[in-house]
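S.K.: My structure file model35.txt, compact mmCIF, C-alpha atoms, is below:
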# COMPACT_ATOMS: atom_id res chain seq x y z
CA MET A 3 37.42 20.20 -39.59
CA LYS A 4 34.84 17.53 -40.42
CA MET A 5 36.86 14.97 -38.47
CA TRP A 6 36.91 17.23 -35.40
CA ILE A 7 33.15 17.80 -35.63
CA ASN A 8 32.60 14.07 -35.73
CA ARG A 9 34.82 13.57 -32.69
CA ILE A 10 32.96 16.26 -30.76
CA PHE A 11 29.63 14.71 -31.71
CA VAL A 12 30.76 11.26 -30.56
CA SER A 13 32.08 12.71 -27.29
CA LEU A 14 28.75 14.44 -26.62
CA VAL A 15 26.85 11.23 -27.30
CA VAL A 16 29.07 9.33 -24.88
CA LEU A 17 28.72 12.05 -22.24
CA PHE A 18 24.95 12.07 -22.62
CA SER A 19 24.83 8.28 -22.28
CA VAL A 20 26.93 8.36 -19.11
CA CYS A 21 24.72 11.08 -17.61
CA LEU A 22 21.60 9.15 -18.53
CA LEU A 23 22.98 5.99 -16.96
CA SER A 24 23.93 7.88 -13.81
CA TRP A 25 20.48 9.46 -13.61
CA GLY A 26 18.88 6.05 -14.00
CA LYS A 27 20.94 4.62 -11.14
CA GLN A 28 19.99 7.51 -8.88
CA THR A 29 16.28 7.57 -9.63
CA GLY A 30 15.59 3.92 -10.44
CA ASN A 31 13.15 2.89 -13.12
CA ARG A 32 11.04 5.71 -14.43
CA ARG A 33 7.41 5.83 -13.38
CA SER A 34 4.42 6.43 -15.58
CA PRO A 35 3.48 10.12 -15.91
CA GLU A 36 0.41 9.50 -13.74
CA ALA A 37 2.37 7.77 -10.97
CA GLU A 38 5.11 10.40 -11.04
CA SER A 39 2.54 13.21 -10.92
CA LEU A 40 0.81 11.60 -7.95
CA LEU A 41 4.06 11.04 -6.07
CA GLN A 42 5.08 14.66 -6.63
CA CYS A 43 1.66 15.80 -5.40
CA LEU A 44 2.04 13.73 -2.23
CA ARG A 45 5.47 15.24 -1.64
CA GLN A 46 4.09 18.75 -2.04
CA ILE A 47 1.23 18.31 0.43
CA TRP A 48 3.13 16.29 3.04
CA GLY A 49 3.28 18.24 6.28
CA LYS A 50 0.65 20.71 5.10
CA ARG A 51 -2.41 18.58 4.36
CA ILE A 52 -3.37 14.96 4.99
CA ILE A 53 -5.25 12.56 2.71
CA SER A 54 -8.20 10.63 4.15
CA GLY A 55 -8.65 6.98 3.28
CA THR A 56 -10.84 3.93 3.79
CA MET A 57 -10.33 0.19 3.38
CA ALA A 58 -12.59 -2.01 1.29
CA THR A 59 -14.68 -4.40 3.37
CA VAL A 60 -12.63 -7.55 2.70
CA ASN A 61 -11.54 -6.93 -0.87
CA TRP A 62 -13.25 -5.29 -3.87
CA ASN A 63 -15.71 -2.54 -2.90
CA ILE A 64 -16.07 0.97 -1.47
CA ASN A 65 -18.48 0.07 1.33
CA GLU A 66 -16.49 1.84 4.04
CA ALA A 67 -16.23 4.97 1.92
CA LYS A 68 -20.01 4.90 1.48
CA TRP A 69 -20.45 4.54 5.22
CA VAL A 70 -18.20 7.55 5.86
CA HIS A 71 -20.09 9.59 3.26
CA GLN A 72 -23.39 8.61 4.85
CA HIS A 73 -22.35 10.13 8.19
CA THR A 74 -20.23 13.09 7.09
CA GLY A 75 -21.51 14.08 3.65
CA LYS A 76 -17.93 13.76 2.38
CA TRP A 77 -16.00 11.12 0.48
CA PRO A 78 -12.52 10.07 1.56
CA VAL A 79 -9.78 10.60 -1.02
CA LEU A 80 -8.30 7.12 -0.99
CA ASN A 81 -9.86 3.67 -1.13
CA CYS A 82 -7.72 0.60 -0.57
CA PHE A 83 -8.63 -2.70 -2.24
CA ASP A 84 -7.23 -6.18 -1.55
CA TYR A 85 -6.25 -9.14 -3.75
CA LEU A 86 -7.03 -11.40 -0.80
CA HIS A 87 -8.92 -14.05 -2.78
CA HIS A 88 -6.75 -14.20 -5.90
CA HIS A 89 -6.79 -18.01 -5.81
CA SER A 90 -10.60 -17.95 -6.23
CA SER A 91 -10.85 -15.21 -8.84
CA GLY A 92 -12.55 -15.78 -12.18
CA ASN A 93 -14.14 -18.80 -13.84
CA GLY A 94 -17.60 -17.85 -12.65
CA SER A 95 -16.47 -17.55 -9.03
CA TRP A 96 -17.96 -15.10 -6.53
CA ILE A 97 -14.97 -12.79 -7.02
CA ASP A 98 -13.33 -11.69 -10.27
CA TYR A 99 -10.37 -9.32 -10.13
CA THR A 100 -10.41 -8.97 -13.90
CA ASP A 101 -13.59 -6.92 -13.43
CA VAL A 102 -11.96 -3.62 -12.53
CA THR A 103 -15.24 -1.69 -12.48
CA PRO A 104 -15.16 -0.82 -8.73
CA VAL A 105 -11.59 0.46 -9.00
CA LEU A 106 -12.14 2.26 -12.28
CA ASP A 107 -15.29 3.97 -11.01
CA TRP A 108 -13.47 5.18 -7.90
CA HIS A 109 -10.59 6.50 -9.99
CA ARG A 110 -12.91 8.28 -12.41
CA SER A 111 -14.71 9.92 -9.49
CA GLY A 112 -11.42 11.56 -8.54
CA GLY A 113 -10.37 9.14 -5.80
CA LEU A 114 -6.94 7.65 -5.21
CA VAL A 115 -6.46 3.90 -5.51
CA SER A 116 -4.43 1.79 -3.13
CA ILE A 117 -4.19 -1.99 -3.30
CA MET A 118 -2.73 -4.41 -0.79
CA TRP A 119 -2.35 -8.17 -0.92
CA HIS A 120 -3.11 -10.55 1.91
CA TRP A 121 -1.21 -13.29 0.09
CA ASN A 122 -3.11 -16.53 0.63
CA VAL A 123 -1.18 -19.76 0.05
CA PRO A 124 -2.18 -23.38 0.74
CA ALA A 125 -2.93 -23.89 4.44
CA ASN A 126 -1.89 -26.88 6.50
CA GLN A 127 -5.34 -28.37 5.95
CA VAL A 128 -5.58 -29.57 2.35
CA GLY A 129 -7.95 -27.48 0.25
CA LYS A 130 -7.76 -24.44 2.51
CA TYR A 131 -5.77 -21.20 2.19
CA SER A 132 -4.15 -18.89 4.71
CA PHE A 133 -1.73 -16.00 5.04
CA TYR A 134 -1.16 -16.48 8.79
CA TRP A 135 1.90 -18.51 9.75
CA GLY A 136 1.44 -21.35 12.22
CA THR A 137 1.05 -25.09 12.69
CA GLU A 138 -2.73 -25.08 13.18
CA PRO A 139 -4.86 -26.54 10.36
CA ASP A 140 -6.22 -23.13 9.34
CA LYS A 141 -2.74 -21.56 9.15
CA THR A 142 0.27 -22.28 6.95
CA THR A 143 3.91 -23.29 7.28
CA PHE A 144 4.64 -22.17 3.71
CA ASP A 145 8.38 -21.48 3.58
CA VAL A 146 9.35 -18.04 2.25
CA ARG A 147 13.01 -19.14 2.20
CA LYS A 148 12.23 -21.20 -0.89
CA ILE A 149 12.47 -17.96 -2.85
CA TYR A 150 16.14 -18.94 -3.13
CA ASP A 151 15.30 -22.36 -4.65
CA PRO A 152 13.86 -22.05 -8.18
CA THR A 153 13.36 -25.83 -8.33
CA SER A 154 10.99 -25.90 -5.33
CA PRO A 155 7.19 -26.02 -5.59
CA GLU A 156 7.02 -23.03 -3.22
CA TYR A 157 9.19 -20.89 -5.50
CA GLN A 158 7.11 -21.84 -8.51
CA LEU A 159 3.89 -20.95 -6.68
CA MET A 160 5.29 -17.60 -5.54
CA ILE A 161 6.33 -16.70 -9.09
CA SER A 162 3.01 -17.88 -10.51
CA ASP A 163 1.06 -15.80 -7.98
CA ILE A 164 3.23 -12.74 -8.62
CA ASP A 165 2.56 -13.05 -12.34
CA THR A 166 -1.16 -13.47 -11.71
CA ILE A 167 -1.28 -10.27 -9.62
CA ALA A 168 0.77 -8.51 -12.31
CA SER A 169 -1.91 -9.43 -14.85
CA TYR A 170 -4.57 -7.82 -12.63
CA LEU A 171 -2.50 -4.67 -12.12
CA LYS A 172 -1.94 -4.41 -15.87
CA LEU A 173 -5.69 -3.99 -16.30
CA LEU A 174 -5.45 -0.84 -14.18
CA LYS A 175 -2.40 0.38 -16.07
CA GLN A 176 -4.46 0.23 -19.26
CA TYR A 177 -6.62 2.98 -17.77
CA ASN A 178 -3.56 4.97 -16.60
CA ILE A 179 -4.51 4.45 -12.96
CA PRO A 180 -1.62 5.07 -10.53
CA VAL A 181 -1.72 2.59 -7.67
CA LEU A 182 -0.39 2.96 -4.15
CA TRP A 183 0.82 -0.65 -3.97
CA ARG A 184 1.32 -2.24 -0.52
CA PRO A 185 2.56 -5.85 -0.67
CA LEU A 186 4.13 -8.01 2.06
CA HIS A 187 2.85 -5.69 4.77
CA GLU A 188 3.74 -6.02 8.46
CA ALA A 189 6.46 -8.53 7.63
CA GLY A 190 8.50 -7.67 10.71
CA GLY A 191 5.65 -8.83 12.93
CA MET A 192 6.34 -12.39 11.75
CA TRP A 193 2.64 -13.35 11.96
CA PHE A 194 2.40 -13.71 8.17
CA TRP A 195 4.23 -16.45 6.27
CA TRP A 196 6.25 -13.96 4.23
CA GLY A 197 7.72 -12.45 7.38
CA ARG A 198 9.22 -15.59 8.90
CA ASP A 199 12.68 -14.79 7.52
CA ALA A 200 13.84 -11.20 6.98
CA GLU A 201 16.37 -11.79 4.21
CA ALA A 202 14.07 -14.11 2.31
CA CYS A 203 11.20 -11.63 2.60
CA ASN A 204 13.42 -8.85 1.29
CA GLU A 205 14.45 -11.05 -1.62
CA LEU A 206 10.79 -11.84 -2.34
CA TRP A 207 10.02 -8.10 -2.39
CA ARG A 208 12.88 -7.45 -4.82
CA VAL A 209 11.87 -10.37 -7.04
CA MET A 210 8.32 -9.02 -7.17
CA TYR A 211 9.53 -5.48 -7.86
CA LYS A 212 11.81 -6.53 -10.71
CA ARG A 213 9.24 -8.87 -12.19
CA PHE A 214 6.60 -6.14 -12.13
CA GLN A 215 9.02 -3.69 -13.73
CA ALA A 216 9.81 -6.22 -16.46
CA ALA A 217 6.07 -6.57 -17.05
CA GLY A 218 5.82 -2.82 -17.65
CA LEU A 219 4.05 -1.96 -14.39
CA ASP A 220 5.40 1.55 -14.02
CA ASN A 221 2.13 2.86 -12.53
CA LEU A 222 2.94 1.62 -9.01
CA ILE A 223 4.02 3.64 -5.98
CA TRP A 224 5.53 1.14 -3.55
CA LEU A 225 4.53 1.25 0.15
CA TRP A 226 6.47 -0.62 2.81
CA THR A 227 4.87 -1.23 6.23
CA GLN A 228 6.94 -1.32 9.41
CA ALA A 229 6.13 -3.86 12.11
CA ALA A 230 7.96 -5.58 14.95
CA ALA A 231 7.32 -8.95 16.56
CA TRP A 232 5.92 -9.22 20.06
CA LYS A 233 8.27 -7.71 22.69
CA LYS A 234 10.80 -6.74 20.00
CA PRO A 235 11.94 -3.11 19.54
CA TYR A 236 10.66 -1.23 16.51
CA SER A 237 14.21 -1.04 15.18
CA GLU A 238 14.01 -4.80 14.57
CA GLY A 239 11.33 -4.19 11.96
CA TYR A 240 13.79 -2.57 9.58
CA ARG A 241 15.52 -5.91 9.08
CA TRP A 242 12.59 -6.49 6.70
CA TYR A 243 13.28 -3.32 4.71
CA PRO A 244 14.15 -4.26 1.09
CA GLY A 245 16.13 -1.10 0.28
CA ASP A 246 15.50 2.53 -0.61
CA GLU A 247 15.53 1.85 -4.35
CA TYR A 248 12.51 -0.47 -3.96
CA VAL A 249 10.36 1.72 -1.68
CA ASP A 250 8.60 5.06 -2.19
CA ILE A 251 6.63 5.43 1.05
CA VAL A 252 7.17 3.95 4.50
CA SER A 253 4.22 3.37 6.79
CA ILE A 254 2.94 1.79 9.95
CA ASP A 255 -0.29 0.21 11.22
CA ILE A 256 -1.49 1.31 14.68
CA TYR A 257 -4.29 -0.16 16.79
CA ASN A 258 -5.58 0.45 20.31
CA GLU A 259 -3.27 3.32 21.20
CA SER A 260 -4.80 6.14 23.23
CA SER A 261 -1.88 8.59 23.31
CA ALA A 262 -1.16 10.82 20.33
CA GLU A 263 2.16 11.73 21.94
CA ASN A 264 3.19 8.07 22.07
CA ILE A 265 2.26 7.66 18.41
CA LYS A 266 4.40 10.69 17.57
CA THR A 267 7.53 9.56 19.42
CA SER A 268 7.42 5.79 18.96
CA CYS A 269 5.93 5.59 15.46
CA TYR A 270 5.99 8.77 13.40
CA ASP A 271 9.38 10.07 14.56
CA PHE A 272 10.87 6.60 14.31
CA LEU A 273 9.86 6.26 10.66
CA CYS A 274 11.04 9.77 9.79
CA GLN A 275 14.41 9.11 11.39
CA SER A 276 14.80 5.63 9.92
CA SER A 277 13.81 6.67 6.39
CA PRO A 278 14.51 10.42 6.18
CA ASP A 279 14.06 10.54 2.40
CA LYS A 280 10.66 8.81 2.32
CA LEU A 281 7.08 9.92 2.78
CA VAL A 282 5.40 8.54 5.91
CA ALA A 283 1.85 7.16 6.04
CA LEU A 284 -0.57 5.64 8.54
CA THR A 285 -1.67 2.72 6.38
CA GLU A 286 -3.98 1.11 8.95
CA CYS A 287 -5.44 2.24 12.24
CA GLY A 288 -8.16 1.45 14.69
CA ASN A 289 -9.15 2.87 18.06
CA VAL A 290 -6.57 5.63 17.96
CA PRO A 291 -6.76 9.34 18.84
CA THR A 292 -8.46 11.65 16.36
CA ILE A 293 -6.46 12.90 13.42
CA ARG A 294 -6.72 16.36 14.98
CA GLU A 295 -4.98 15.10 18.14
CA GLN A 296 -2.33 13.25 16.15
CA TRP A 297 -1.68 16.24 13.90
CA ASN A 298 -1.38 18.58 16.88
CA ALA A 299 1.10 16.16 18.43
CA GLY A 300 3.21 16.37 15.27
CA CYS A 301 2.14 13.28 13.31
CA LYS A 302 2.08 14.71 9.79
CA TRP A 303 1.03 11.52 7.98
CA VAL A 304 0.72 11.87 4.21
CA PHE A 305 -2.46 9.79 4.51
CA PHE A 306 -4.43 7.80 7.09
CA MET A 307 -6.73 4.80 6.74
CA PRO A 308 -8.86 3.18 9.45
CA TRP A 309 -9.44 -0.55 9.01
CA TYR A 310 -12.88 -1.81 8.06
CA ASP A 311 -15.59 -3.15 10.35
CA HIS A 312 -17.02 -6.20 8.59
CA GLY A 313 -20.09 -6.40 10.80
CA ARG A 314 -20.88 -2.75 10.15
CA THR A 315 -20.27 -2.34 6.41
CA SER A 316 -20.46 -5.75 4.71
CA LYS A 317 -24.13 -5.26 3.80
CA LEU A 318 -25.14 -1.85 2.52
CA GLN A 319 -28.88 -2.37 3.01
CA SER A 320 -28.65 -3.68 6.56
CA LYS A 321 -29.70 -1.91 9.76
CA ASP A 322 -26.12 -2.24 10.99
CA PHE A 323 -24.88 -0.09 8.09
CA GLN A 324 -26.98 2.82 9.37
CA SER A 325 -25.33 2.82 12.80
CA ARG A 326 -22.85 5.51 13.84
CA ASP A 327 -20.80 2.94 15.75
CA HIS A 328 -17.73 1.34 14.26
CA GLY A 329 -15.11 -1.08 15.52
CA ASN A 330 -12.17 1.09 14.46
CA ALA A 331 -13.28 4.67 13.74
CA ASP A 332 -16.84 5.73 14.47
CA ALA A 333 -18.87 8.50 12.85
CA ALA A 334 -17.81 11.07 15.46
CA TRP A 335 -14.14 10.29 14.75
CA TRP A 336 -14.70 10.89 11.04
CA GLN A 337 -16.76 14.03 11.58
CA ASP A 338 -13.96 15.46 13.67
CA ALA A 339 -11.45 14.57 10.95
CA PHE A 340 -13.36 16.46 8.26
CA SER A 341 -13.95 19.44 10.55
CA VAL A 342 -10.32 20.58 10.21
CA ASP A 343 -9.16 22.17 6.97
CA TYR A 344 -5.94 20.15 6.62
CA VAL A 345 -7.80 16.83 6.25
CA LEU A 346 -8.60 16.41 2.57
CA SER A 347 -11.86 14.98 1.28
CA ARG A 348 -12.14 13.75 -2.29
CA ASP A 349 -13.60 17.06 -3.43
CA ASP A 350 -10.79 18.94 -1.68
CA PHE A 351 -8.21 16.78 -3.40
CA LEU A 352 -9.79 17.32 -6.82
CA LYS A 353 -9.63 21.09 -6.33
CA LEU A 354 -6.05 20.83 -5.15
CA ARG A 355 -4.98 19.05 -8.34
CA GLN A 356 -6.79 21.35 -10.76
Turn the structure described in the file into structure tokens.
M.R.:
Amino acid sequence: MKMWINRIFVSLVVLFSVCLLSWGKQTGNRRSPEAESLLQCLRQIWGKRIISGTMATVNWNINEAKWVHQHTGKWPVLNCFDYLHHHSSGNGSWIDYTDVTPVLDWHRSGGLVSIMWHWNVPANQVGKYSFYWGTEPDKTTFDVRKIYDPTSPEYQLMISDIDTIASYLKLLKQYNIPVLWRPLHEAGGMWFWWGRDAEACNELWRVMYKRFQAAGLDNLIWLWTQAAAWKKPYSEGYRWYPGDEYVDIVSIDIYNESSAENIKTSCYDFLCQSSPDKLVALTECGNVPTIREQWNAGCKWVFFMPWYDHGRTSKLQSKDFQSRDHGNADAAWWQDAFSVDYVLSRDDFLKLRQ
């Protein structure tokens, strides 16, 4: 009898291990409780409510959110930051990404945190940096294909930069802050160095993902941004898609489009059809129809985020900051957004999660 009990016990252990392995393959690496809770919340509200968002003016502030609050009396839910100047951070420089105070304060106020990375690498002109690809002195011909060559200086720089960004993100993990993480955006447009080769870009994404996972960064929700090069069909952009197991949300950036119906058919529907199991977001926009018009047309973005206007919001105490005008989404656009009950402000979102 004892022998049979032992055999049953061993069989159950083996069965449990197989099930656990299968579950891990299906769901990927487990997220932190905070990231999983946020992702589930986004899934629950998608199609019913929409999260409002603003972009930091250049990198590490909430200036745009303050401008929106000034004209509407409401705070957006999400604020996106940028590791644009990682090569200059620290050592008494003007920017220090180890000082997480702006991000932490936003999180503690009830806001959602997103971070993107305009990945600056050495430009063609010695001593300068750029993320735009090109042969001009102020651009770069940095070769993303070197991700396949661990002996190359380019590979070593990419890995070093990835590890540096991981160290910054770890500071946010220490405070249990879930981050909507948007790297290598608009790769399919081919205007950034990381987008010059689709397969290499996808490999770079996967290398970053695995390296972040190995570093314990389970607080990230991964956003991939669709783009297509000039005169190329949108379907071309998915050549830069790294794979479902490496992406949580798909998104698009839209500028200077006057028709909500066109946005619905060519952008929103396209993403839903191309990635039917993913949430869909409007990660950047400027000079587009109101959210009311887009929503009525059927664009049920999980969140939206107009791009910043540097001349308007770079200096909080300036006369320009008081103006209702804006290069991408003026005060009237924002007032209209908050006038409909399905657009969530920060206070709305806090109540929703209570």
S.K.: Would you mind listing, for every residue of segment 258-352 of chain A within 12 Å of segment 83-92 of chain A, the two atoms forming the shortest contact and the distance between them in Å to one decimal, using all atoms listed in the file, sorted by chain and ascending residue number, as a Markdown table?
M.R.:
| residue | atom | partner | partner_atom | distance |
| --- | --- | --- | --- | --- |
| A:Met307 | CA | A:Phe83 | CA | 11.9 |
| A:Trp309 | CA | A:Phe83 | CA | 11.5 |
| A:Tyr310 | CA | A:Phe83 | CA | 11.2 |
S.K.: Taking C-alpha atoms for each residue, export the selection above as a tab-separated table (two decimals), keeping the file's coordinate frame.
M.R.:
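Here's the written file selection_8.tsv:
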chain	number	residue	atom	x	y	z
A	307	MET	CA	-6.73	4.80	6.74
A	309	TRP	CA	-9.44	-0.55	9.01
A	310	TYR	CA	-12.88	-1.81	8.06
S.K.: Rounded to one decimal place, report the atom CA of Gly329 of chain A-atom CA of Val252 of chain A distance in Å.
M.R.: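 Straight-line distance from atom CA of Gly329 of chain A to atom CA of Val252 of chain A works out to 25.4 Å.
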S.K.: Have a look at A:Ile293, A:Arg348, A:Asn122, A:Ile149 and name the one nearest to Trp108 of chain A; count all atoms listed in the file.
M.R.: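 Looking at the shortest contact to Trp108 of chain A, the residue is A:Arg348.
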S.K.: Let me make sure I understand: among A:Thr166, A:Ile52, A:Trp336, A:Ala189, which one has the smallest atom-to-atom distance to Tyr134 of chain A if we use only C-alpha atoms?
M.R.: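 Closest to Tyr134 of chain A, using only C-alpha atoms: A:Ala189.
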S.K.: For atom CA of Gly218 of chain A and atom CA of Asp250 of chain A, determine how far apart the two atoms are, in Å to one decimal place.
M.R.: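 These two atoms are separated by 17.6 Å.
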S.K.: Show which residues sit within 10 Å of segment 173-183 of chain A, as a ChimeraX atom specification. Count all atoms listed in the file, and ignore same-chain residues fewer than 5 positions away.
M.R.: /A:33-41,80-83,99-103,105-106,109-110,114-119,168,218-226,250-251
S.K.: Quick one: residues within 12 Å of Lys234 of chain A, only C-alpha atoms counted, chain neighbours fewer than 6 positions away excluded, as a tab-separated table (two decimals) with C-alpha atoms, in the coordinates of the input?
M.R.:
chain	number	residue	atom	x	y	z
A	190	GLY	CA	8.50	-7.67	10.71
A	191	GLY	CA	5.65	-8.83	12.93
A	192	MET	CA	6.34	-12.39	11.75
A	240	TYR	CA	13.79	-2.57	9.58
A	241	ARG	CA	15.52	-5.91	9.08
S.K.: Rounded to one decimal, what separation in Å do you get between atom CA of Thr227 of chain A and atom CA of Pro185 of chain A?
M.R.: 8.6 Å
S.K.: Step by step, gather every atom of segment 323-333 of chain A that the file lists, find the box along x, y and z that holds them, add 4 Å on each side, and finally give centre and edge lengths in Å to one decimal, as AutoDock Vina command-line options.
M.R.:
--center_x -19.6 --center_y 3.7 --center_z 11.9 --size_x 22.8 --size_y 17.6 --size_z 15.7
S.K.: List every residue of segment 35-108 of chain A that has an atom at most 10 Å from any atom of segment 281-284 of chain A, and for each one report the closest atom pair and its distance in Å to one decimal, counting only C-alpha atoms, with rows sorted by chain and then by increasing residue number, as JSON lines.
M.R.:
{"residue": "A:Leu41", "atom": "CA", "partner": "A:Leu281", "partner_atom": "CA", "distance": 9.4}
{"residue": "A:Leu44", "atom": "CA", "partner": "A:Leu281", "partner_atom": "CA", "distance": 8.1}
{"residue": "A:Arg45", "atom": "CA", "partner": "A:Leu281", "partner_atom": "CA", "distance": 7.1}
{"residue": "A:Trp48", "atom": "CA", "partner": "A:Leu281", "partner_atom": "CA", "distance": 7.5}
{"residue": "A:Gly49", "atom": "CA", "partner": "A:Leu281", "partner_atom": "CA", "distance": 9.8}
{"residue": "A:Ile52", "atom": "CA", "partner": "A:Ala283", "partner_atom": "CA", "distance": 9.4}
{"residue": "A:Ile53", "atom": "CA", "partner": "A:Ala283", "partner_atom": "CA", "distance": 9.5}
{"residue": "A:Gly55", "atom": "CA", "partner": "A:Leu284", "partner_atom": "CA", "distance": 9.7}
S.K.: So which one's closest to Thr142 of chain A, A:Ala230, A:Val342, A:Val123, A:Leu159? Using all atoms listed in the file, please.
M.R.: A:Val123
S.K.: Tell me which of A:Arg184, A:Gln72, A:Asn65, A:Met160 sits closest to His120 of chain A, counting only C-alpha atoms.
M.R.: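 Nearest to His120 of chain A: A:Arg184.
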S.K.: Please identify all polymer residues lying at most 9 Å from the point (-9.9, 18.0, 5.6) (file coordinates), using only C-alpha atoms, and present the result as an MDAnalysis selection string.
M.R.: chainID A and resid 51:54 339:347 350
S.K.: Could you write those residues out with C-alpha atoms, as a PDB file, in the frame of the given file?
M.R.:
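Once written, out_33.pdb looks like this:
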ATOM      1  CA  ARG A  51      -2.410  18.580   4.360  1.00  0.00           C
ATOM      2  CA  ILE A  52      -3.370  14.960   4.990  1.00  0.00           C
ATOM      3  CA  ILE A  53      -5.250  12.560   2.710  1.00  0.00           C
ATOM      4  CA  SER A  54      -8.200  10.630   4.150  1.00  0.00           C
ATOM      5  CA  ALA A 339     -11.450  14.570  10.950  1.00  0.00           C
ATOM      6  CA  PHE A 340     -13.360  16.460   8.260  1.00  0.00           C
ATOM      7  CA  SER A 341     -13.950  19.440  10.550  1.00  0.00           C
ATOM      8  CA  VAL A 342     -10.320  20.580  10.210  1.00  0.00           C
ATOM      9  CA  ASP A 343      -9.160  22.170   6.970  1.00  0.00           C
ATOM     10  CA  TYR A 344      -5.940  20.150   6.620  1.00  0.00           C
ATOM     11  CA  VAL A 345      -7.800  16.830   6.250  1.00  0.00           C
ATOM     12  CA  LEU A 346      -8.600  16.410   2.570  1.00  0.00           C
ATOM     13  CA  SER A 347     -11.860  14.980   1.280  1.00  0.00           C
ATOM     14  CA  ASP A 350     -10.790  18.940  -1.680  1.00  0.00           C
TER      15      ASP A 350
END
S.K.: Any idea what's packed within 10 Å of Asn298 of chain A, counting all atoms listed in the file, ignoring anything in its chain fewer than 5 positions away? Could you give it as a list in words?
M.R.: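 Answer for this query is Ala262, Glu263, Lys266, Thr292 and Ile293 of chain A.
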S.K.: Kindly save the residues from that selection, with C-alpha atoms included, as a CSV table (one decimal), keeping the file's coordinate frame.
M.R.:
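part31.csv written:
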chain,number,residue,atom,x,y,z
A,262,ALA,CA,-1.2,10.8,20.3
A,263,GLU,CA,2.2,11.7,21.9
A,266,LYS,CA,4.4,10.7,17.6
A,292,THR,CA,-8.5,11.6,16.4
A,293,ILE,CA,-6.5,12.9,13.4
S.K.: Calculated over all atoms listed in the file, which of the candidates A:Met210, A:Leu352, A:Cys43, A:Leu318 has the smallest distance to Pro78 of chain A?
M.R.: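 Closest residue, counting all atoms listed in the file: A:Leu352.
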S.K.: Could you name the residues that touch Asn289 of chain A at 7 Å or less, counting only C-alpha atoms, but leaving out those on the same chain fewer than 2 positions away, as a ChimeraX atom specification?
M.R.: /A:257-259,287,291,330-331
S.K.: Write a file of the just-selected residues containing C-alpha atoms, as a compact mmCIF listing (two decimals), in the coordinates of the input.
M.R.:
# COMPACT_ATOMS: atom_id res chain seq x y z
CA TYR A 257 -4.29 -0.16 16.79
CA ASN A 258 -5.58 0.45 20.31
CA GLU A 259 -3.27 3.32 21.20
CA CYS A 287 -5.44 2.24 12.24
CA PRO A 291 -6.76 9.34 18.84
CA ASN A 330 -12.17 1.09 14.46
CA ALA A 331 -13.28 4.67 13.74
